[in-house]
Amino acid sequence: MAGASRRSPWMDTELDDLRDMAKTFFEKEVTPNVMRYIENKQVDRDLWNKAGDQGLLCIDVPEEYGGGGGNFAHEAVLIEEQAYAGDSSWGASLHTGIVAHYLLAYGTEEQKTYWLPKMASGEVVGAIAMTEPGTGSDLQSVKARAIRDGDEYVINGSKIFITNGGQADMVLTVVKTNPEEAAAGISLVIVPTDTPGFARGKNLNKIGMKGQDTSELFYDNVRVPVSNLLGAEEGQGFVQLMHQLPQERLIVAVSNVAAMEAIFEETMRYVHGRQAFGRSIWGFQNTKHRMAEVATDMRVARSFLDECIGLHLKGELDIPTAAMVKLHCSEKAQQIADKCLQLHGGYGYMEEYPVARAWADLRVSQIYAGTSEIMKEIISRTLPAPS
C-alpha cells in the first residue's frame, strides 16, 4: 500500500487479492490516460465497461443484483487504489458507493433488478443530482419540482456541479414533490437521461479534478413514471439523504487518506533525488522536519479512518463521527498537499507533477459531501454541555 506505515485492521487475504487486481487495472487502463482525461474533461466511456468486465463496479452490491457481493471494505480498496494511481477523474466511487446504495436501500425490487445489473456491467453510469445554482448545503430549499400528473411526474428545474453528469445514463434527482413543504416535501426520482426534456450543459471548468465530468443538468417538463419514485411514498427523500450521507463522507475520507499516502511517497522520492547546494533536499533539517509532520498527520488520519471503516462494517458509524472523519481527513489532506508542494519548489506548481494536481484536486474535499463548516455544525450539536 502506497505510503502506508502499517496494515489496516479491516484488510484480509481476499482484499489483498482485490488490491492486486485493482492496482493492475489502474496501472493499465487509467494511469497512462490521466492527462488525456484532463484534456477531455472526462474519462473514456469504455472505461466503465472495462471495469464492469473485471467485476470492479458495484463490488459491494449483492450478487443477486449483478454486484460482487462484497462490503464497504471492498469499495475502500478500490477508492484507495484509484488515489494511489494518481487519478481523480473517474467517478466510480459515486456510481458504486453512493448511487447504487440509494437504489439498494430504498428501491423497489423492480428498480433494483433493472438498474443495478446495468450499473455493475458498466452499461449504465449513475449520478445523483442534489445541488442547484441557488442551493448548496441547504437541501431543504431545492427548487426543482416533480409535480404529479396522472401516472407521471413532470419535472422542472436545474442542477449544478453534478459528478458523472456528462456521461450519466441515469440520474437520481432530488426534487420537491410538495413545494409547500421543506424537508417533508423532498423526494428522489429516477430520471433516465434519454428522457425528452432532459439536457446537460457542457462539462464545467474547475480548478481541480479537471478530468471529472462535472456538469449542469436541466429538466424542462421531463416526464417519468410515478413508479420511478425512490421509496414507498413521497416526502422520504430528506431522510434518505441523511441516512446515506455518512457513507458518502466516509468515501471522501478514504480518498483523502490514500491521497495523503500517495503524496507522501511521491515527495519522499523527490526530496531524496533532487539536489540543491551540493546535496539532496532530504539533507536539510527543514525537509526532514516537514516530512516528519506529514508522516505523523498521515498516521493519525489513517488510524481514525480505519476505526471508522471498522464501525461502518458493523453498521455502527453514526452521523457525527462520519462528519468528524470527513472534516479531519479533508482538512489534513489539503495541508499535507501544501507542505509537499512547497518541498517540490517550482516544479510543484507544474501540472504534470502529481503533487500539483493533488493540491488542486483535494481542495474540493472541504466543500462537497457537506462543507467543513457544515461538518462542524453537525459535530457541535452532539457535544455534551458541562455538568
# chains A, B, ... in the order shown; residues from 1 in each chain; ligands from 1
$ residues_around --residues "A:Val300" --least-positions-apart "3" --cutoff "10 Å" --atoms "only C-alpha atoms" --output "VMD selection string"
chain A and resid 257 295 to 297 303 to 306 328 to 329 332
$ residues_around --residues "stretch 357-372 of chain A" --least-positions-apart "2" --cutoff "6 Å" --atoms "only C-alpha atoms" --output "count of residues only"
12
$ closest_residue --among "A:Val325, A:Ala292, A:Ile336, A:Ala22" --to "A:Ala262" --atoms "only C-alpha atoms"
A:Ile336
$ atom_distance --atom1 "atom CA of A:Val239" --atom2 "atom CA of A:Ala127"
18.8 Å
$ atom_distance --atom1 "atom CA of A:Glu181" --atom2 "atom CA of A:Pro133"
20.0 Å
$ atom_distance --atom1 "atom CA of A:Ala323" --atom2 "atom CA of A:Ala100"
21.5 Å
$ closest_residue --among "A:Tyr102, A:Phe238, A:Trp10, A:Tyr347" --to "A:Leu116" --atoms "only C-alpha atoms"
A:Tyr102
$ closest_residue --among "A:Gln342, A:Ser187, A:Thr173, A:Ser227" --to "A:Gln240" --atoms "only C-alpha atoms"
A:Ser187
$ residues_around --residues "A:Thr96" --least-positions-apart "6" --cutoff "9 Å" --atoms "only C-alpha atoms" --output "PyMOL selection string"
chain A and resi 57-61+75+119-120+126
